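**Student:** This is coords_2.cif (mmCIF, C-alpha atoms).
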data_final
loop_
_atom_site.group_PDB
_atom_site.id
_atom_site.type_symbol
_atom_site.label_atom_id
_atom_site.label_comp_id
_atom_site.auth_asym_id
_atom_site.auth_seq_id
_atom_site.Cartn_x
_atom_site.Cartn_y
_atom_site.Cartn_z
ATOM 1 C CA MET U 1 96.102 125.675 106.027
ATOM 2 C CA GLU U 2 95.115 129.296 105.524
ATOM 3 C CA TRP U 3 97.899 130.408 107.864
ATOM 4 C CA LEU U 4 100.459 128.416 105.866
ATOM 5 C CA VAL U 5 99.755 130.109 102.544
ATOM 6 C CA ARG U 6 98.812 133.564 103.799
ATOM 7 C CA GLY U 7 101.035 136.161 102.143
ATOM 8 C CA ALA U 8 102.932 133.552 100.102
ATOM 9 C CA GLN U 9 105.309 135.024 97.525
ATOM 10 C CA ALA U 10 107.682 133.878 94.810
ATOM 11 C CA ASN U 11 110.725 132.046 96.220
ATOM 12 C CA ASP U 12 108.833 131.017 99.364
ATOM 13 C CA SER U 13 109.053 127.349 100.350
ATOM 14 C CA LEU U 14 106.082 125.890 102.226
ATOM 15 C CA PHE U 15 105.688 122.460 103.832
ATOM 16 C CA PHE U 16 102.489 120.671 104.868
ATOM 17 C CA HIS U 17 102.310 117.252 106.534
ATOM 18 C CA TYR U 18 99.174 115.346 107.480
ATOM 19 C CA SER U 19 99.343 111.927 109.124
ATOM 20 C CA GLY U 20 95.984 110.504 110.120
ATOM 21 C CA HIS U 21 92.985 108.580 108.878
ATOM 22 C CA GLY U 22 91.469 109.002 105.442
ATOM 23 C CA GLY U 23 88.258 108.381 103.581
ATOM 24 C CA LEU U 24 85.997 109.210 100.639
ATOM 25 C CA THR U 25 82.870 111.243 100.047
ATOM 26 C CA LYS U 26 80.512 111.534 97.096
ATOM 27 C CA ASP U 27 81.921 113.820 94.396
ATOM 28 C CA THR U 28 79.642 116.824 93.944
ATOM 29 C CA ASP U 29 81.404 118.826 91.225
ATOM 30 C CA GLY U 30 82.392 116.202 88.663
ATOM 31 C CA ASP U 31 86.167 116.522 89.010
ATOM 32 C CA GLU U 32 86.818 113.012 90.336
ATOM 33 C CA GLU U 33 86.924 110.202 87.792
ATOM 34 C CA ASP U 34 86.010 107.602 90.427
ATOM 35 C CA GLY U 35 83.035 109.673 91.627
ATOM 36 C CA TRP U 36 84.510 110.227 95.084
ATOM 37 C CA ASP U 37 86.292 113.149 96.715
ATOM 38 C CA GLU U 38 89.287 112.104 98.816
ATOM 39 C CA GLY U 39 89.646 113.033 102.467
ATOM 40 C CA ASN U 40 90.890 112.187 105.934
ATOM 41 C CA ILE U 41 88.660 110.817 108.650
ATOM 42 C CA SER U 42 89.547 111.103 112.320
ATOM 43 C CA HIS U 43 88.251 107.822 113.677
ATOM 44 C CA THR U 44 88.536 105.050 111.096
ATOM 45 C CA CYS U 45 89.952 104.104 107.719
ATOM 46 C CA VAL U 46 87.432 102.822 105.235
ATOM 47 C CA LYS U 47 88.588 99.434 103.966
ATOM 48 C CA ARG U 48 86.193 99.103 101.044
ATOM 49 C CA PHE U 49 84.216 101.572 98.963
ATOM 50 C CA ASP U 50 80.941 99.856 99.824
ATOM 51 C CA ILE U 51 81.486 100.122 103.581
ATOM 52 C CA LEU U 52 80.620 103.744 104.204
ATOM 53 C CA ILE U 53 79.264 105.742 107.112
ATOM 54 C CA ASP U 54 75.991 107.213 105.876
ATOM 55 C CA ASP U 55 77.505 106.996 102.379
ATOM 56 C CA ILE U 56 79.864 109.887 103.250
ATOM 57 C CA VAL U 57 83.560 109.452 104.077
ATOM 58 C CA VAL U 58 85.400 112.746 104.093
ATOM 59 C CA ILE U 59 88.255 114.825 105.506
ATOM 60 C CA TYR U 60 87.715 115.495 109.187
ATOM 61 C CA PRO U 61 89.803 117.964 111.232
ATOM 62 C CA ILE U 62 90.089 117.355 114.978
ATOM 63 C CA ASP U 63 87.063 119.556 115.572
ATOM 64 C CA TYR U 64 85.026 118.111 112.708
ATOM 65 C CA LYS U 65 81.940 117.661 114.907
ATOM 66 C CA GLU U 66 81.739 121.416 115.349
ATOM 67 C CA THR U 67 83.148 122.656 112.041
ATOM 68 C CA ALA U 68 82.321 119.824 109.587
ATOM 69 C CA HIS U 69 84.643 118.048 107.161
ATOM 70 C CA ILE U 70 87.170 119.225 104.572
ATOM 71 C CA VAL U 71 87.361 117.608 101.120
ATOM 72 C CA ASP U 72 90.188 117.651 98.593
ATOM 73 C CA ASP U 73 88.469 120.384 96.557
ATOM 74 C CA GLU U 74 88.562 122.681 99.580
ATOM 75 C CA MET U 75 92.201 121.902 100.377
ATOM 76 C CA HIS U 76 93.094 122.745 96.797
ATOM 77 C CA GLU U 77 91.219 126.042 97.003
ATOM 78 C CA ILE U 78 92.924 126.932 100.287
ATOM 79 C CA MET U 79 96.491 125.743 99.748
ATOM 80 C CA VAL U 80 97.079 125.610 95.985
ATOM 81 C CA ARG U 81 94.994 128.172 94.136
ATOM 82 C CA PRO U 82 96.298 131.263 96.042
ATOM 83 C CA LEU U 83 99.990 130.446 95.432
ATOM 84 C CA PRO U 84 101.895 132.606 92.927
ATOM 85 C CA ALA U 85 104.434 131.462 90.348
ATOM 86 C CA GLY U 86 107.807 130.718 91.915
ATOM 87 C CA CYS U 87 106.334 129.641 95.243
ATOM 88 C CA ARG U 88 106.846 126.003 96.225
ATOM 89 C CA LEU U 89 104.551 123.881 98.391
ATOM 90 C CA THR U 90 105.553 120.351 99.366
ATOM 91 C CA ALA U 91 102.709 118.373 100.916
ATOM 92 C CA ILE U 92 102.696 114.889 102.457
ATOM 93 C CA PHE U 93 99.435 113.051 103.043
ATOM 94 C CA ASP U 94 99.969 109.899 105.081
ATOM 95 C CA SER U 95 96.352 108.776 105.085
ATOM 96 C CA CYS U 96 93.937 106.328 103.521
ATOM 97 C CA HIS U 97 92.582 107.079 100.018
ATOM 98 C CA SER U 98 95.018 109.992 99.687
ATOM 99 C CA GLY U 99 96.288 109.526 96.119
ATOM 100 C CA SER U 100 94.689 112.759 94.917
ATOM 101 C CA ALA U 101 94.183 114.402 98.311
ATOM 102 C CA LEU U 102 95.372 117.788 97.068
ATOM 103 C CA ASP U 103 93.568 117.428 93.739
ATOM 104 C CA LEU U 104 96.674 117.971 91.620
ATOM 105 C CA PRO U 105 96.241 117.087 87.922
ATOM 106 C CA TYR U 106 99.518 115.277 87.135
ATOM 107 C CA ILE U 107 100.350 111.933 88.773
ATOM 108 C CA TYR U 108 103.658 110.183 88.065
ATOM 109 C CA SER U 109 104.769 106.579 87.755
ATOM 110 C CA THR U 110 108.051 105.220 89.117
ATOM 111 C CA GLU U 111 109.386 105.684 85.575
ATOM 112 C CA GLY U 112 108.919 109.419 85.955
ATOM 113 C CA LYS U 113 106.116 109.504 83.409
ATOM 114 C CA ILE U 114 102.666 111.020 83.736
ATOM 115 C CA LYS U 115 100.221 108.178 84.266
ATOM 116 C CA GLU U 116 98.434 108.582 80.937
ATOM 117 C CA PRO U 117 100.618 107.166 78.183
ATOM 118 C CA ASN U 118 98.045 107.666 75.419
ATOM 119 C CA LEU U 119 97.642 111.361 76.144
ATOM 120 C CA TYR U 120 101.378 111.747 76.642
ATOM 121 C CA ALA U 121 102.137 110.305 73.224
ATOM 122 C CA GLU U 122 99.360 112.278 71.549
ATOM 123 C CA ALA U 123 100.637 115.530 73.033
ATOM 124 C CA GLY U 124 103.998 115.009 71.357
ATOM 125 C CA SER U 125 106.751 117.187 72.781
ATOM 126 C CA SER U 126 104.473 119.643 74.612
ATOM 127 C CA LEU U 127 104.818 118.035 78.027
ATOM 128 C CA LEU U 128 108.537 117.455 77.594
ATOM 129 C CA ASP U 129 109.040 121.114 76.715
ATOM 130 C CA ALA U 130 106.976 122.125 79.742
ATOM 131 C CA ALA U 131 109.007 119.847 82.006
ATOM 132 C CA LYS U 132 112.287 121.287 80.727
ATOM 133 C CA SER U 133 110.968 124.812 81.237
ATOM 134 C CA TYR U 134 109.921 123.890 84.770
ATOM 135 C CA SER U 135 113.409 122.661 85.644
ATOM 136 C CA LYS U 136 114.827 125.954 84.352
ATOM 137 C CA LYS U 137 112.143 127.979 86.177
ATOM 138 C CA ASP U 138 110.937 129.307 82.811
ATOM 139 C CA PHE U 139 107.249 129.546 83.653
ATOM 140 C CA GLY U 140 106.400 131.147 80.321
ATOM 141 C CA GLY U 141 107.730 128.011 78.656
ATOM 142 C CA VAL U 142 105.860 125.842 81.128
ATOM 143 C CA PHE U 143 102.515 127.315 80.206
ATOM 144 C CA LYS U 144 103.286 127.241 76.506
ATOM 145 C CA GLY U 145 103.872 123.508 76.898
ATOM 146 C CA ILE U 146 100.740 123.068 78.979
ATOM 147 C CA THR U 147 98.710 124.896 76.337
ATOM 148 C CA GLY U 148 100.069 122.574 73.658
ATOM 149 C CA PHE U 149 99.195 119.604 75.805
ATOM 150 C CA ALA U 150 95.664 120.841 76.431
ATOM 151 C CA LYS U 151 95.079 121.241 72.700
ATOM 152 C CA ALA U 152 96.239 117.687 72.159
ATOM 153 C CA VAL U 153 93.787 116.140 74.611
ATOM 154 C CA SER U 154 91.323 114.015 72.697
ATOM 155 C CA GLY U 155 87.565 114.041 73.092
ATOM 156 C CA SER U 156 87.715 110.501 74.443
ATOM 157 C CA GLN U 157 89.273 111.655 77.729
ATOM 158 C CA SER U 158 86.772 111.600 80.570
ATOM 159 C CA ARG U 159 84.994 114.819 81.506
ATOM 160 C CA ALA U 160 86.296 114.498 85.054
ATOM 161 C CA ASP U 161 89.878 114.330 83.851
ATOM 162 C CA GLU U 162 89.441 117.287 81.519
ATOM 163 C CA LYS U 163 87.881 119.403 84.236
ATOM 164 C CA THR U 164 90.665 118.565 86.666
ATOM 165 C CA ARG U 165 93.347 119.693 84.239
ATOM 166 C CA LYS U 166 91.541 122.844 83.243
ATOM 167 C CA THR U 167 90.824 123.967 86.788
ATOM 168 C CA ARG U 168 93.597 122.433 88.930
ATOM 169 C CA THR U 169 96.833 123.446 87.190
ATOM 170 C CA SER U 170 98.818 126.140 88.982
ATOM 171 C CA PRO U 171 101.836 128.336 88.188
ATOM 172 C CA ALA U 172 103.191 127.524 91.656
ATOM 173 C CA ASP U 173 105.432 124.488 92.192
ATOM 174 C CA VAL U 174 103.072 122.301 94.191
ATOM 175 C CA ILE U 175 104.222 118.741 94.869
ATOM 176 C CA SER U 176 102.159 116.196 96.773
ATOM 177 C CA TRP U 177 103.351 112.885 98.212
ATOM 178 C CA SER U 178 100.522 110.556 99.163
ATOM 179 C CA GLY U 179 100.631 107.387 101.208
ATOM 180 C CA CYS U 180 98.611 105.327 98.762
ATOM 181 C CA LYS U 181 96.315 105.293 95.744
ATOM 182 C CA ASP U 182 92.773 106.635 96.074
ATOM 183 C CA SER U 183 91.533 103.048 96.211
ATOM 184 C CA GLN U 184 93.939 101.934 98.957
ATOM 185 C CA THR U 185 94.471 102.384 102.678
ATOM 186 C CA SER U 186 97.630 103.644 104.394
ATOM 187 C CA ALA U 187 99.026 101.589 107.251
ATOM 188 C CA ASP U 188 100.209 102.551 110.718
ATOM 189 C CA THR U 189 103.463 101.213 112.124
ATOM 190 C CA GLN U 190 105.655 101.274 115.241
ATOM 191 C CA VAL U 191 109.112 102.862 115.275
ATOM 192 C CA ALA U 192 111.149 102.790 118.497
ATOM 193 C CA GLY U 193 107.971 102.044 120.420
ATOM 194 C CA GLN U 194 106.061 104.988 118.996
ATOM 195 C CA GLY U 195 103.202 104.933 116.550
ATOM 196 C CA THR U 196 103.631 106.594 113.159
ATOM 197 C CA GLY U 197 102.335 106.335 109.633
ATOM 198 C CA ALA U 198 104.139 103.827 107.422
ATOM 199 C CA MET U 199 104.454 106.418 104.646
ATOM 200 C CA SER U 200 105.933 109.030 107.010
ATOM 201 C CA TRP U 201 108.446 106.476 108.255
ATOM 202 C CA ALA U 202 109.446 105.374 104.744
ATOM 203 C CA PHE U 203 109.746 108.981 103.530
ATOM 204 C CA THR U 204 112.006 109.933 106.442
ATOM 205 C CA GLU U 205 114.116 106.793 106.176
ATOM 206 C CA ALA U 206 114.634 107.186 102.432
ATOM 207 C CA LEU U 207 115.845 110.783 102.774
ATOM 208 C CA THR U 208 117.996 109.970 105.810
ATOM 209 C CA GLU U 209 119.819 107.326 103.800
ATOM 210 C CA ASN U 210 120.239 109.553 100.759
ATOM 211 C CA SER U 211 119.235 113.217 100.816
ATOM 212 C CA GLN U 212 120.323 113.787 97.190
ATOM 213 C CA GLN U 213 117.646 111.802 95.369
ATOM 214 C CA SER U 214 115.595 112.928 92.420
ATOM 215 C CA TYR U 215 111.812 112.970 92.735
ATOM 216 C CA GLN U 216 111.647 109.758 90.734
ATOM 217 C CA GLN U 217 114.329 108.050 92.821
ATOM 218 C CA LEU U 218 112.644 109.107 96.045
ATOM 219 C CA LEU U 219 109.296 107.683 94.909
ATOM 220 C CA ILE U 220 111.023 104.385 94.107
ATOM 221 C CA SER U 221 112.861 104.388 97.446
ATOM 222 C CA ILE U 222 109.692 105.005 99.456
ATOM 223 C CA ARG U 223 107.784 102.262 97.658
ATOM 224 C CA SER U 224 110.704 99.868 98.081
ATOM 225 C CA LYS U 225 110.752 100.366 101.849
ATOM 226 C CA LEU U 226 107.025 99.720 102.140
ATOM 227 C CA ARG U 227 106.806 96.811 99.713
ATOM 228 C CA ALA U 228 107.981 94.125 102.153
ATOM 229 C CA LYS U 229 105.127 94.639 104.620
ATOM 230 C CA TYR U 230 102.470 96.769 102.966
ATOM 231 C CA SER U 231 100.432 96.719 99.771
ATOM 232 C CA GLN U 232 99.950 100.502 99.598
ATOM 233 C CA LYS U 233 101.641 102.366 96.752
ATOM 234 C CA PRO U 234 102.653 105.961 97.545
ATOM 235 C CA GLN U 235 101.819 108.505 94.849
ATOM 236 C CA LEU U 236 103.619 111.583 93.507
ATOM 237 C CA SER U 237 101.611 114.370 91.898
ATOM 238 C CA SER U 238 102.178 117.963 90.813
ATOM 239 C CA SER U 239 100.342 121.133 89.855
ATOM 240 C CA HIS U 240 101.990 121.305 86.413
ATOM 241 C CA PRO U 241 104.241 118.988 84.372
ATOM 242 C CA MET U 242 107.633 118.559 86.014
ATOM 243 C CA ASP U 243 110.952 116.889 85.335
ATOM 244 C CA THR U 244 111.122 114.116 87.940
ATOM 245 C CA ASP U 245 114.881 113.766 87.361
ATOM 246 C CA ILE U 246 115.626 116.977 89.258
ATOM 247 C CA ILE U 247 116.797 116.659 92.881
ATOM 248 C CA PHE U 248 114.067 116.680 95.526
ATOM 249 C CA VAL U 249 113.990 119.856 97.606
ATOM 250 C CA ILE U 250 111.624 121.246 100.211
#
Can the structure from this file be put into structure tokens for me?
**Tutor:**
Amino acid sequence: MEWLVRGAQANDSLFFHYSGHGGLTKDTDGDEEDGWDEGNISHTCVKRFDILIDDIVVIYPIDYKETAHIVDDEMHEIMVRPLPAGCRLTAIFDSCHSGSALDLPYIYSTEGKIKEPNLYAEAGSSLLDAAKSYSKKDFGGVFKGITGFAKAVSGSQSRADEKTRKTRTSPADVISWSGCKDSQTSADTQVAGQGTGAMSWAFTEALTENSQQSYQQLLISIRSKLRAKYSQKPQLSSSHPMDTDIIFVI
């Protein structure tokens, strides 16, 4: 992860793909609304929140026994926070409980809307202006829109959600595709006799069939391919408000 982002500059395009097991761990800094930090676990997927190993289910690298686990907060600090404006990171997490694996503050529905309609309406045109600025690469406009949105957030929004938005936004174009919601598991599958993650397969198939899809269309395509056999719902999230109608690029 550190190697990937080391020396990153504007106009760089970075790609990160993780396909493995996933899990949850107790949230220690108050940024997760469900009280759990998301992660990947090397030996098993946790099927239910109440079936935990020593009450800790976290991100484990291959050498986790020697080096310990990695949680979403750490991945954000390593791969997102150092990136400058104009740098793009596309990340794919094909793992259980990976909806917010990269801890990005904006999650989108298949309608291309941020998954908080009350806040969206209350913020008025701030997010729309930010999205338009993003598509034009006008980062000054993006942050003006984000500032307007932040001012519009009501006191009723959870402290976890507020903290996430205040600390997890980034001027870089960071996009994360996750295999499922935080509360779900991501399935394995077989393709041509070889094992692979269902999300990775669906993502590849969707782009192979049509490489000129918008972010919104691609999210719909991926979910459509998985719907027949799997209950998991892939998630799309970003580091700042974005226009999901623009064409997907890596």
**Student:** To verify the selection step, state as a PyMOL selection string which residues the PyMOL selection byres ((chain U and resi 18) around 8) yields on this input.
**Tutor:** chain U and resi 16-17+19-20+92-95
**Student:** Using only C-alpha atoms, which of the listed residues (U:Leu226, U:Ala192, U:Leu24, U:Ala202) sits closest to U:Ser98?
**Tutor:** U:Leu24
**Student:** Write out as a ChimeraX atom specification which residues come within 8 Å of U:Met199 when counting only C-alpha atoms, dropping same-chain ones fewer than 6 positions away.
**Tutor:** /U:94,178-179,186-187,222,226,234
**Student:** With C-alpha atoms retained, could you export that selection as a CSV table (one decimal), keeping the file's coordinate frame?
**Tutor:**
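Result file is out_38.csv:
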chain,number,residue,atom,x,y,z
U,94,ASP,CA,100.0,109.9,105.1
U,178,SER,CA,100.5,110.6,99.2
U,179,GLY,CA,100.6,107.4,101.2
U,186,SER,CA,97.6,103.6,104.4
U,187,ALA,CA,99.0,101.6,107.3
U,222,ILE,CA,109.7,105.0,99.5
U,226,LEU,CA,107.0,99.7,102.1
U,234,PRO,CA,102.7,106.0,97.5
**Student:** Given the file shown, enumerate the residues that the PyMOL selection byres ((chain U and resi 201) around 10) captures and present them as a PyMOL selection string.
**Tutor:** chain U and resi 94+188-191+195-200+202-206+222+225-226
**Student:** Do you know which residues the PyMOL selection byres ((chain U and resi 72) around 6) returns on this file, as a list in words?
**Tutor:**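 Evaluating the PyMOL selection byres ((chain U and resi 72) around 6) on this file yields Glu38, Val71, Asp73, Glu74, Met75, Ala101, Leu102 and Asp103 of chain U.
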**Student:** For atom CA of U:Gly22 and atom CA of U:Glu209, quote the distance in Å rounded to one decimal.
**Tutor:**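 Atom CA of U:Gly22 sits 28.4 Å away from atom CA of U:Glu209.
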**Student:** If we count only C-alpha atoms, what is near U:Arg223 at a cut-off of 7 Å, once residues fewer than 4 positions away on the same chain are taken out, given as a list in words?
**Tutor:**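 Here the answer would be Leu219, Arg227, Lys233 and Pro234 of chain U.
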**Student:** Please identify all polymer residues within 9 Å of U:Ile246, counting all atoms listed in the file, omitting same-chain residues fewer than 5 positions from it, and present them as a list in words.
**Tutor:** Ser135, Gln213, Ser214, Tyr215 and Gln216 of chain U
**Student:** Between atom CA of U:Asp12 and atom CA of U:Gln212, what is the spacing in Å?
**Tutor:**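 The value is 20.8 Å.
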**Student:** With all atoms listed in the file as the basis for distance, which of U:Gln217, U:Gln235, U:Ala68, U:Tyr108 is at the shortest distance from U:Cys96?
**Tutor:**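 Of U:Gln217, U:Gln235, U:Ala68, U:Tyr108, the one nearest U:Cys96 is U:Gln235, counting all atoms listed in the file.
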**Student:** One number please: atom CA of U:Phe248 to atom CA of U:His21, in Å, one decimal.
**Tutor:**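 Here the two named atoms are 26.2 Å from each other.
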**Student:** When you count only C-alpha atoms, which of these residues is closest to U:Cys87: U:Met242, U:Ile250, U:Ala172, U:Leu218?
**Tutor:**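 Closest to U:Cys87 of all the choices is U:Ala172.
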**Student:** When you count all atoms listed in the file, which of these residues is closest to U:Tyr106: U:Leu207, U:Ala8, U:Val249, U:Ile175?
**Tutor:**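 The answer is U:Ile175, which sits nearest to U:Tyr106.
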**Student:** Just checking: using only C-alpha atoms, which residue out of U:Met79, U:Ile70, U:Leu14, U:Leu236 ends up closest to U:Ile107?
**Tutor:**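 The shortest atom-to-atom distance to U:Ile107 comes from U:Leu236.
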**Student:** Could you tell me which of U:Arg88, U:His240, U:Lys181, U:Lys115 comes closest to U:Leu4 if we count all atoms listed in the file?
**Tutor:**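 Checking each of U:Arg88, U:His240, U:Lys181, U:Lys115 against U:Leu4, counting all atoms listed in the file, the winner is U:Arg88.
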